[in-house]
>>> print(open('final_8.pdb').read())   # PDB, C-alpha atoms and all ligand atoms
ATOM      1  CA  MET E 135    -136.855-107.930  38.962
ATOM      2  CA  VAL E 136    -137.449-107.729  42.729
ATOM      3  CA  GLY E 137    -138.592-110.879  44.522
ATOM      4  CA  ILE E 138    -139.262-111.714  48.167
ATOM      5  CA  ASN E 139    -137.407-109.849  50.993
ATOM      6  CA  ASN E 140    -136.288-107.194  48.486
ATOM      7  CA  MET E 141    -134.226-109.995  47.019
ATOM      8  CA  LYS E 142    -133.523-109.496  43.352
ATOM      9  CA  LEU E 143    -134.170-112.505  41.128
ATOM     10  CA  ILE E 144    -131.623-112.254  38.332
ATOM     11  CA  ASN E 145    -133.586-113.221  35.259
ATOM     12  CA  GLY E 146    -131.370-115.028  32.758
ATOM     13  CA  LYS E 147    -134.176-115.328  30.226
ATOM     14  CA  GLU E 148    -134.653-111.560  30.132
ATOM     15  CA  ILE E 149    -130.927-110.751  30.034
ATOM     16  CA  SER E 150    -130.131-113.402  27.414
ATOM     17  CA  ALA E 151    -132.986-112.091  25.247
ATOM     18  CA  ALA E 152    -131.428-108.616  25.389
ATOM     19  CA  VAL E 153    -127.999-110.013  24.378
ATOM     20  CA  LYS E 154    -129.532-112.005  21.496
ATOM     21  CA  GLU E 155    -131.499-108.960  20.326
ATOM     22  CA  ARG E 156    -128.259-106.966  20.230
ATOM     23  CA  ALA E 157    -126.547-109.781  18.299
ATOM     24  CA  ALA E 158    -129.475-110.002  15.839
ATOM     25  CA  ALA E 159    -129.260-106.238  15.169
ATOM     26  CA  GLU E 160    -125.528-106.598  14.424
ATOM     27  CA  VAL E 161    -126.172-109.609  12.156
ATOM     28  CA  ALA E 162    -128.739-107.551  10.203
ATOM     29  CA  LYS E 163    -126.293-104.634   9.879
ATOM     30  CA  LEU E 164    -123.566-106.975   8.598
ATOM     31  CA  LYS E 165    -126.009-108.496   6.110
ATOM     32  CA  GLU E 166    -126.572-105.008   4.665
ATOM     33  CA  GLN E 167    -122.820-104.890   4.077
ATOM     34  CA  GLY E 168    -122.956-108.252   2.271
ATOM     35  CA  ILE E 169    -121.604-110.271   5.195
ATOM     36  CA  GLU E 170    -123.532-113.362   6.289
ATOM     37  CA  VAL E 171    -122.564-114.407   9.816
ATOM     38  CA  CYS E 172    -122.081-118.175  10.064
ATOM     39  CA  LEU E 173    -121.481-120.579  12.954
ATOM     40  CA  ALA E 174    -120.434-124.223  12.434
ATOM     41  CA  VAL E 175    -121.355-126.661  15.208
ATOM     42  CA  ILE E 176    -119.917-130.175  15.421
ATOM     43  CA  LEU E 177    -121.404-132.957  17.534
ATOM     44  CA  VAL E 178    -119.695-136.353  17.760
ATOM     45  CA  GLY E 179    -121.782-139.216  19.150
ATOM     46  CA  ASP E 180    -125.275-139.327  20.559
ATOM     47  CA  ASP E 181    -125.071-137.928  24.110
ATOM     48  CA  PRO E 182    -128.685-136.828  24.764
ATOM     49  CA  ALA E 183    -127.792-133.628  26.676
ATOM     50  CA  SER E 184    -125.326-132.586  23.952
ATOM     51  CA  GLN E 185    -127.985-133.191  21.294
ATOM     52  CA  VAL E 186    -130.319-130.800  23.108
ATOM     53  CA  TYR E 187    -127.561-128.152  23.509
ATOM     54  CA  VAL E 188    -126.582-128.381  19.826
ATOM     55  CA  GLY E 189    -130.237-128.151  18.768
ATOM     56  CA  ASN E 190    -130.656-125.039  20.941
ATOM     57  CA  LYS E 191    -127.538-123.466  19.417
ATOM     58  CA  LYS E 192    -128.982-123.981  15.917
ATOM     59  CA  LYS E 193    -132.299-122.424  16.982
ATOM     60  CA  ALA E 194    -130.486-119.423  18.470
ATOM     61  CA  CYS E 195    -128.581-118.912  15.189
ATOM     62  CA  GLU E 196    -131.867-118.915  13.289
ATOM     63  CA  ALA E 197    -133.441-116.483  15.769
ATOM     64  CA  CYS E 198    -130.482-114.105  15.355
ATOM     65  CA  GLY E 199    -130.561-114.356  11.534
ATOM     66  CA  MET E 200    -127.246-116.234  11.305
ATOM     67  CA  ARG E 201    -126.418-119.107   9.013
ATOM     68  CA  SER E 202    -125.656-122.284  10.921
ATOM     69  CA  LEU E 203    -123.862-125.409   9.760
ATOM     70  CA  GLU E 204    -124.423-128.543  11.756
ATOM     71  CA  TYR E 205    -122.223-131.654  11.613
ATOM     72  CA  ARG E 206    -123.564-134.655  13.528
ATOM     73  CA  LEU E 207    -120.908-137.353  13.342
ATOM     74  CA  PRO E 208    -121.106-140.967  14.584
ATOM     75  CA  ALA E 209    -119.530-141.878  17.954
ATOM     76  CA  ASP E 210    -116.839-143.985  16.215
ATOM     77  CA  THR E 211    -115.585-141.047  14.106
ATOM     78  CA  LYS E 212    -111.777-141.160  13.866
ATOM     79  CA  GLN E 213    -109.881-138.257  15.423
ATOM     80  CA  GLU E 214    -108.081-137.628  12.110
ATOM     81  CA  ASP E 215    -111.421-137.301  10.291
ATOM     82  CA  LEU E 216    -112.640-134.784  12.872
ATOM     83  CA  LEU E 217    -109.364-132.869  12.460
ATOM     84  CA  LYS E 218    -109.886-132.860   8.661
ATOM     85  CA  LEU E 219    -113.381-131.388   9.086
ATOM     86  CA  ILE E 220    -112.008-128.694  11.406
ATOM     87  CA  ALA E 221    -109.208-127.904   8.930
ATOM     88  CA  ASN E 222    -111.808-127.473   6.152
ATOM     89  CA  LEU E 223    -113.933-125.180   8.343
ATOM     90  CA  ASN E 224    -110.827-123.203   9.378
ATOM     91  CA  ALA E 225    -110.054-122.620   5.682
ATOM     92  CA  ASP E 226    -113.661-121.751   4.747
ATOM     93  CA  LYS E 227    -113.929-117.947   4.570
ATOM     94  CA  THR E 228    -117.734-118.112   4.852
ATOM     95  CA  VAL E 229    -117.495-119.725   8.327
ATOM     96  CA  ASN E 230    -116.888-117.250  11.158
ATOM     97  CA  GLY E 231    -117.174-119.453  14.241
ATOM     98  CA  ILE E 232    -116.466-123.136  14.908
ATOM     99  CA  LEU E 233    -117.593-125.078  17.957
ATOM    100  CA  CYS E 234    -117.102-128.734  18.806
ATOM    101  CA  GLN E 235    -119.540-129.819  21.497
ATOM    102  CA  LEU E 236    -117.928-131.400  24.565
ATOM    103  CA  PRO E 237    -117.637-134.031  25.926
ATOM    104  CA  LEU E 238    -116.120-135.977  23.037
ATOM    105  CA  PRO E 239    -115.968-139.797  22.876
ATOM    106  CA  LYS E 240    -113.037-141.219  24.902
ATOM    107  CA  HIS E 241    -110.884-142.138  21.884
ATOM    108  CA  ILE E 242    -110.723-138.472  20.835
ATOM    109  CA  ASP E 243    -108.379-136.106  22.688
ATOM    110  CA  GLU E 244    -110.293-132.948  23.646
ATOM    111  CA  ASP E 245    -107.158-130.796  23.939
ATOM    112  CA  THR E 246    -106.042-131.781  20.419
ATOM    113  CA  ILE E 247    -109.452-130.868  18.995
ATOM    114  CA  THR E 248    -109.771-127.623  20.962
ATOM    115  CA  SER E 249    -106.298-126.566  19.811
ATOM    116  CA  ALA E 250    -107.077-127.394  16.158
ATOM    117  CA  ILE E 251    -109.754-124.718  15.839
ATOM    118  CA  LEU E 252    -108.271-121.409  14.654
ATOM    119  CA  PRO E 253    -108.162-119.021  17.652
ATOM    120  CA  GLU E 254    -109.894-116.400  15.450
ATOM    121  CA  LYS E 255    -112.857-118.777  14.984
ATOM    122  CA  ASP E 256    -112.824-120.215  18.524
ATOM    123  CA  VAL E 257    -116.151-118.762  19.669
ATOM    124  CA  ASP E 258    -116.161-121.126  22.684
ATOM    125  CA  GLY E 259    -112.995-119.439  23.975
ATOM    126  CA  PHE E 260    -111.423-122.825  24.762
ATOM    127  CA  HIS E 261    -108.263-122.559  22.592
ATOM    128  CA  PRO E 262    -105.040-122.168  24.638
ATOM    129  CA  VAL E 263    -104.363-118.860  22.846
ATOM    130  CA  ASN E 264    -107.684-117.428  24.028
ATOM    131  CA  ALA E 265    -107.177-118.899  27.519
ATOM    132  CA  GLY E 266    -103.750-117.207  27.602
ATOM    133  CA  LEU E 267    -105.183-113.870  26.472
ATOM    134  CA  LEU E 268    -107.739-114.044  29.297
ATOM    135  CA  LEU E 269    -105.003-114.913  31.802
ATOM    136  CA  SER E 270    -102.930-111.915  30.736
ATOM    137  CA  GLY E 271    -105.923-109.557  30.711
ATOM    138  CA  LYS E 272    -105.894-109.042  26.933
ATOM    139  CA  GLU E 273    -108.728-109.170  24.438
ATOM    140  CA  GLY E 274    -109.684-112.580  23.074
ATOM    141  CA  PHE E 275    -112.730-114.833  22.945
ATOM    142  CA  LEU E 276    -114.167-115.412  26.415
ATOM    143  CA  PRO E 277    -115.744-118.756  27.353
ATOM    144  CA  CYS E 278    -119.507-118.249  27.033
ATOM    145  CA  THR E 279    -120.722-119.243  30.522
ATOM    146  CA  PRO E 280    -118.310-117.037  32.524
ATOM    147  CA  ALA E 281    -118.858-114.209  30.020
ATOM    148  CA  GLY E 282    -122.607-114.667  30.613
ATOM    149  CA  ILE E 283    -122.112-114.336  34.378
ATOM    150  CA  MET E 284    -120.279-111.026  33.902
ATOM    151  CA  GLU E 285    -123.041-109.823  31.559
ATOM    152  CA  MET E 286    -125.651-110.612  34.232
ATOM    153  CA  LEU E 287    -123.738-108.702  36.915
ATOM    154  CA  LYS E 288    -123.337-105.728  34.550
ATOM    155  CA  TYR E 289    -127.037-105.769  33.611
ATOM    156  CA  GLU E 290    -127.998-105.716  37.307
ATOM    157  CA  ASN E 291    -125.476-102.914  38.064
ATOM    158  CA  ILE E 292    -123.660-105.122  40.563
ATOM    159  CA  ASP E 293    -120.223-103.579  41.067
ATOM    160  CA  CYS E 294    -117.460-106.135  41.660
ATOM    161  CA  LYS E 295    -114.759-103.635  42.622
ATOM    162  CA  GLY E 296    -113.183-104.501  45.995
ATOM    163  CA  LYS E 297    -115.785-107.200  46.708
ATOM    164  CA  ASN E 298    -114.911-110.615  48.063
ATOM    165  CA  CYS E 299    -115.813-113.142  45.395
ATOM    166  CA  VAL E 300    -115.692-116.860  46.046
ATOM    167  CA  VAL E 301    -115.780-119.183  43.046
ATOM    168  CA  ILE E 302    -116.598-122.792  43.930
ATOM    169  CA  GLY E 303    -115.196-125.069  41.228
ATOM    170  CA  ARG E 304    -111.993-124.911  39.178
ATOM    171  CA  SER E 305    -112.923-126.256  35.730
ATOM    172  CA  ASN E 306    -111.260-124.832  32.623
ATOM    173  CA  ILE E 307    -114.693-124.008  31.158
ATOM    174  CA  VAL E 308    -116.272-122.178  34.116
ATOM    175  CA  GLY E 309    -114.432-121.929  37.464
ATOM    176  CA  LYS E 310    -110.992-120.788  36.322
ATOM    177  CA  PRO E 311    -112.154-118.287  33.658
ATOM    178  CA  ALA E 312    -114.872-116.917  35.999
ATOM    179  CA  ALA E 313    -112.192-116.298  38.652
ATOM    180  CA  LEU E 314    -110.000-114.467  36.101
ATOM    181  CA  LEU E 315    -112.910-112.311  34.895
ATOM    182  CA  MET E 316    -113.836-111.362  38.465
ATOM    183  CA  LEU E 317    -110.194-110.497  39.097
ATOM    184  CA  ALA E 318    -110.188-108.321  35.977
ATOM    185  CA  ALA E 319    -113.304-106.621  37.396
ATOM    186  CA  ASP E 320    -111.264-105.727  40.533
ATOM    187  CA  ALA E 321    -112.834-108.261  42.893
ATOM    188  CA  THR E 322    -110.733-110.067  45.511
ATOM    189  CA  VAL E 323    -111.074-113.655  44.368
ATOM    190  CA  THR E 324    -110.885-116.974  46.208
ATOM    191  CA  VAL E 325    -111.237-120.246  44.307
ATOM    192  CA  CYS E 326    -112.594-123.153  46.361
ATOM    193  CA  HIS E 327    -112.758-126.778  45.224
ATOM    194  CA  SER E 328    -113.178-130.348  46.432
ATOM    195  CA  ARG E 329    -109.913-130.233  48.429
ATOM    196  CA  THR E 330    -110.552-126.879  50.116
ATOM    197  CA  VAL E 331    -110.334-127.005  53.915
ATOM    198  CA  ASN E 332    -112.947-124.853  55.721
ATOM    199  CA  LEU E 333    -114.905-124.252  52.541
ATOM    200  CA  LYS E 334    -117.921-123.084  54.531
ATOM    201  CA  GLU E 335    -115.935-120.305  56.239
ATOM    202  CA  ALA E 336    -114.456-119.168  52.933
ATOM    203  CA  VAL E 337    -117.865-118.999  51.257
ATOM    204  CA  LYS E 338    -119.374-117.219  54.266
ATOM    205  CA  ALA E 339    -116.921-114.332  53.732
ATOM    206  CA  ALA E 340    -118.104-113.815  50.139
ATOM    207  CA  ASP E 341    -120.005-110.781  48.852
ATOM    208  CA  ILE E 342    -120.403-112.606  45.549
ATOM    209  CA  ILE E 343    -120.640-116.415  45.297
ATOM    210  CA  ILE E 344    -120.239-118.227  41.968
ATOM    211  CA  ALA E 345    -121.202-121.880  42.411
ATOM    212  CA  ALA E 346    -119.934-124.202  39.668
ATOM    213  CA  VAL E 347    -119.439-127.545  41.402
ATOM    214  CA  GLY E 348    -122.008-129.772  39.698
ATOM    215  CA  ARG E 349    -123.541-131.019  42.964
ATOM    216  CA  PRO E 350    -127.216-130.387  43.744
ATOM    217  CA  ASN E 351    -127.920-128.039  46.675
ATOM    218  CA  PHE E 352    -124.206-127.869  47.578
ATOM    219  CA  VAL E 353    -124.435-124.251  48.788
ATOM    220  CA  THR E 354    -126.698-124.109  51.835
ATOM    221  CA  ALA E 355    -128.059-121.065  53.698
ATOM    222  CA  ASP E 356    -125.594-121.426  56.612
ATOM    223  CA  MET E 357    -122.728-120.868  54.132
ATOM    224  CA  VAL E 358    -124.093-117.564  52.843
ATOM    225  CA  LYS E 359    -123.573-114.075  54.289
ATOM    226  CA  ASP E 360    -126.662-111.861  54.543
ATOM    227  CA  GLY E 361    -126.929-109.726  51.421
ATOM    228  CA  ALA E 362    -124.569-111.821  49.276
ATOM    229  CA  VAL E 363    -125.023-112.043  45.498
ATOM    230  CA  VAL E 364    -125.378-115.699  44.486
ATOM    231  CA  ILE E 365    -124.714-116.949  40.948
ATOM    232  CA  ASP E 366    -125.653-120.595  40.423
ATOM    233  CA  VAL E 367    -123.997-122.238  37.411
ATOM    234  CA  GLY E 368    -125.118-125.783  38.276
ATOM    235  CA  ILE E 369    -127.493-127.745  36.079
ATOM    236  CA  ASN E 370    -128.157-131.018  37.907
ATOM    237  CA  ARG E 371    -130.858-133.495  36.976
ATOM    238  CA  LEU E 372    -132.507-135.011  40.075
ATOM    239  CA  GLU E 373    -133.907-138.546  40.214
ATOM    240  CA  ASN E 374    -137.428-137.132  39.896
ATOM    241  CA  GLY E 375    -136.373-135.561  36.581
ATOM    242  CA  LYS E 376    -136.356-131.998  37.936
ATOM    243  CA  LEU E 377    -133.511-129.576  37.183
ATOM    244  CA  CYS E 378    -131.693-128.214  40.198
ATOM    245  CA  GLY E 379    -128.698-125.924  40.658
ATOM    246  CA  ASP E 380    -125.684-126.122  42.986
ATOM    247  CA  VAL E 381    -127.459-123.782  45.431
ATOM    248  CA  ASP E 382    -130.303-124.577  47.811
ATOM    249  CA  PHE E 383    -132.382-121.846  46.183
ATOM    250  CA  GLU E 384    -135.323-121.809  48.576
ATOM    251  CA  ALA E 385    -133.239-121.295  51.735
ATOM    252  CA  VAL E 386    -130.426-119.206  50.227
ATOM    253  CA  SER E 387    -132.814-116.772  48.521
ATOM    254  CA  THR E 388    -134.017-115.606  51.968
ATOM    255  CA  LYS E 389    -130.465-114.359  52.695
ATOM    256  CA  ALA E 390    -129.183-113.247  49.294
ATOM    257  CA  SER E 391    -129.591-109.705  47.960
ATOM    258  CA  ALA E 392    -129.658-111.147  44.433
ATOM    259  CA  ILE E 393    -129.716-114.704  43.119
ATOM    260  CA  THR E 394    -129.995-116.592  39.820
ATOM    261  CA  PRO E 395    -132.625-119.338  39.565
ATOM    262  CA  VAL E 396    -132.180-122.758  37.921
ATOM    263  CA  PRO E 397    -133.533-123.093  35.306
ATOM    264  CA  GLY E 398    -133.770-119.587  33.840
ATOM    265  CA  GLY E 399    -130.562-118.152  35.300
ATOM    266  CA  VAL E 400    -127.048-118.638  33.955
ATOM    267  CA  GLY E 401    -128.147-121.418  31.539
ATOM    268  CA  PRO E 402    -129.746-119.232  28.847
ATOM    269  CA  MET E 403    -126.795-116.813  28.991
ATOM    270  CA  THR E 404    -124.312-119.346  27.559
ATOM    271  CA  ILE E 405    -125.946-119.535  24.124
ATOM    272  CA  ALA E 406    -126.601-115.780  24.044
ATOM    273  CA  MET E 407    -122.879-115.109  24.618
ATOM    274  CA  LEU E 408    -122.058-117.655  21.890
ATOM    275  CA  MET E 409    -124.151-115.552  19.485
ATOM    276  CA  GLN E 410    -122.286-112.436  20.649
ATOM    277  CA  ASN E 411    -118.886-114.130  20.194
ATOM    278  CA  THR E 412    -119.835-115.242  16.665
ATOM    279  CA  VAL E 413    -120.791-111.666  15.725
ATOM    280  CA  ILE E 414    -117.460-110.414  17.152
ATOM    281  CA  ALA E 415    -115.634-113.110  15.101
ATOM    282  CA  ALA E 416    -117.417-112.073  11.893
ATOM    283  CA  LYS E 417    -116.645-108.394  12.459
ATOM    284  CA  LYS E 418    -112.964-109.024  13.211
ATOM    285  CA  GLN E 419    -112.549-111.322  10.215
ATOM    286  CA  ASN E 420    -113.991-108.585   8.001
ATOM    287  CA  GLY E 421    -111.863-105.813   9.497
ATOM    288  CA  ILE E 422    -114.847-104.125  11.196
TER     289      ILE E 422
HETATM  290  N1  LIG C   1    -120.196-128.710  26.803
HETATM  291  C1  LIG C   1    -120.728-128.126  27.899
HETATM  292  N2  LIG C   1    -120.672-126.791  27.773
HETATM  293  C2  LIG C   1    -120.100-126.532  26.592
HETATM  294  C3  LIG C   1    -119.777-125.334  25.897
HETATM  295  O1  LIG C   1    -120.006-124.208  26.358
HETATM  296  N3  LIG C   1    -119.203-125.498  24.671
HETATM  297  C4  LIG C   1    -118.925-126.706  24.153
HETATM  298  N4  LIG C   1    -118.327-126.763  22.964
HETATM  299  N5  LIG C   1    -119.208-127.833  24.770
HETATM  300  C5  LIG C   1    -119.792-127.743  25.974
END
>>> encode(input="final_8.pdb", output="structure tokens")
Amino acid sequence: MVGINNMKLINGKEISAAVKERAAAEVAKLKEQGIEVCLAVILVGDDPASQVYVGNKKKACEACGMRSLEYRLPADTKQEDLLKLIANLNADKTVNGILCQLPLPKHIDEDTITSAILPEKDVDGFHPVNAGLLLSGKEGFLPCTPAGIMEMLKYENIDCKGKNCVVIGRSNIVGKPAALLMLAADATVTVCHSRTVNLKEAVKAADIIIAAVGRPNFVTADMVKDGAVVIDVGINRLENGKLCGDVDFEAVSTKASAITPVPGGVGPMTIAMLMQNTVIAAKKQNGI
């Protein structure tokens, strides 16, 4: 899609629909072979945003023709009971993918839970085994949001080879894996974060900017080189209730050659890649 100033608006709704369509076709093919693809989603507590995400994941499963199991557990669930549920789902041959929505209540250790899910069923790509496979450039489950970013760049024929890519943010879920994926795609990668000195100068040198800081309008037009590709991972809720990314979209879009909007950019890609990961899990578990 071409927007103002020949700027390309990268349409996450369109790209995620294409990924989900592909996943649905694979689910249908597997069904013909007697395999029903199934994703189990666990939510502990009543965080409103998490409830929406989990609901959307269930809807996406239905749209792709997958079976979905949903476990909504009270906030005071004991860690050992959550571990028992995960052990049961690990052992259940009819379950291909398992996901425990984060954040978890404070009395539950996220690393313990993430590590309890079998790496073969870890469709979030959060297990240390999958993180290690990504680090060493080997095949494993990729975290859905960074995988979605790479899918968007591929869809738009944006070549990363030799480009300067600046990732802003160093979380385990987005910043770090996005940096590793860009490195694997032959980009020269810089990771900036809250302690970076001269962040503006670093970002200004970027051909591709991936903003994953969680601060509204953090990336301003004076930080962006003319013609840069700008990927905005932020989903920030403003006081007026509006959703806003990490990038000052209005100003930055006059300089960028391509940019993702919020909403309708990276957001919809996360669930689409989850559907893709679950199909990959089902195929692998059935030797396909
Ligand atoms: N919380 C925020 N994003 C995610 C995600 O991609 N997966 C899970 N499990 N929890 C999240």
>>> residues_near_ligand(input="final_8.pdb", ligand="ligand LIG 1 (chain C)", cutoff="9 Å", atoms="all atoms listed in the file", output="ChimeraX atom specification")
/E:175-177,184,187-188,233-238,248,257-260,277-279,307-308,404-405,408
>>> atom_distance(input="final_8.pdb", atom1="CA of Met200 in chain E", atom2="CA of Ile232 in chain E")
13.3 Å
>>> residues_around(input="final_8.pdb", residues="Cys326 in chain E", least_positions_apart="6", cutoff="7 Å", atoms="all atoms listed in the file", output="list of chain:residue names")
E:Val301, E:Ile302, E:Gly303, E:Leu333
>>> resolve_selection(input="final_8.pdb", expression="the PyMOL selection byres (((chain E and resi 322) around 8) and not hetatm)", output="ChimeraX atom specification")
/E:296-299,316-317,320-321,323-324
>>> closest_residue(input="final_8.pdb", among="E:Asn411, E:Asp243, E:Lys147, E:Met403", to="Glu285 in chain E", atoms="all atoms listed in the file")
E:Met403
>>> residues_around(input="final_8.pdb", residues="Ala209 in chain E", least_positions_apart="6", cutoff="10 Å", atoms="all atoms listed in the file", output="list in words")
Leu177, Val178, Gly179, Asp180, Asp181, Leu238, Pro239, Lys240, His241 and Ile242 of chain E
>>> decode(input="final_8.pdb", residues="range 240-280 of chain E", atoms="C-alpha atoms", output="PDB file, in the first residue's frame")
ATOM      1  CA  LYS E 240       3.852 -12.010  41.401  1.00  0.00           C
ATOM      2  CA  HIS E 241       3.888 -15.221  43.468  1.00  0.00           C
ATOM      3  CA  ILE E 242       4.474 -17.290  40.315  1.00  0.00           C
ATOM      4  CA  ASP E 243       7.960 -17.394  38.777  1.00  0.00           C
ATOM      5  CA  GLU E 244       7.693 -16.721  35.032  1.00  0.00           C
ATOM      6  CA  ASP E 245      11.001 -18.430  34.202  1.00  0.00           C
ATOM      7  CA  THR E 246       9.912 -21.617  36.008  1.00  0.00           C
ATOM      8  CA  ILE E 247       6.630 -21.685  34.082  1.00  0.00           C
ATOM      9  CA  THR E 248       8.206 -20.841  30.719  1.00  0.00           C
ATOM     10  CA  SER E 249      10.784 -23.599  31.218  1.00  0.00           C
ATOM     11  CA  ALA E 250       8.105 -26.155  32.184  1.00  0.00           C
ATOM     12  CA  ILE E 251       6.446 -26.113  28.767  1.00  0.00           C
ATOM     13  CA  LEU E 252       7.961 -28.743  26.458  1.00  0.00           C
ATOM     14  CA  PRO E 253      10.175 -26.938  23.901  1.00  0.00           C
ATOM     15  CA  GLU E 254       8.347 -28.888  21.148  1.00  0.00           C
ATOM     16  CA  LYS E 255       5.036 -27.332  22.273  1.00  0.00           C
ATOM     17  CA  ASP E 256       6.439 -23.880  23.117  1.00  0.00           C
ATOM     18  CA  VAL E 257       4.645 -21.943  20.375  1.00  0.00           C
ATOM     19  CA  ASP E 258       5.506 -18.644  22.123  1.00  0.00           C
ATOM     20  CA  GLY E 259       9.212 -19.370  21.594  1.00  0.00           C
ATOM     21  CA  PHE E 260      10.003 -18.336  25.179  1.00  0.00           C
ATOM     22  CA  HIS E 261      11.606 -21.598  26.425  1.00  0.00           C
ATOM     23  CA  PRO E 262      15.389 -21.311  27.001  1.00  0.00           C
ATOM     24  CA  VAL E 263      15.937 -24.126  24.472  1.00  0.00           C
ATOM     25  CA  ASN E 264      14.160 -22.152  21.746  1.00  0.00           C
ATOM     26  CA  ALA E 265      15.923 -18.931  22.806  1.00  0.00           C
ATOM     27  CA  GLY E 266      19.245 -20.803  22.537  1.00  0.00           C
ATOM     28  CA  LEU E 267      18.387 -22.175  19.094  1.00  0.00           C
ATOM     29  CA  LEU E 268      17.631 -18.632  17.902  1.00  0.00           C
ATOM     30  CA  LEU E 269      20.906 -17.369  19.386  1.00  0.00           C
ATOM     31  CA  SER E 270      22.885 -20.051  17.568  1.00  0.00           C
ATOM     32  CA  GLY E 271      21.026 -19.529  14.284  1.00  0.00           C
ATOM     33  CA  LYS E 272      19.310 -22.934  14.340  1.00  0.00           C
ATOM     34  CA  GLU E 273      15.694 -23.847  13.732  1.00  0.00           C
ATOM     35  CA  GLY E 274      13.322 -23.591  16.683  1.00  0.00           C
ATOM     36  CA  PHE E 275      10.143 -21.749  17.615  1.00  0.00           C
ATOM     37  CA  LEU E 276      10.525 -17.999  17.128  1.00  0.00           C
ATOM     38  CA  PRO E 277       8.800 -15.530  19.468  1.00  0.00           C
ATOM     39  CA  CYS E 278       5.667 -14.382  17.628  1.00  0.00           C
ATOM     40  CA  THR E 279       6.132 -10.584  17.603  1.00  0.00           C
ATOM     41  CA  PRO E 280       9.706 -10.542  16.217  1.00  0.00           C
TER      42      PRO E 280
END
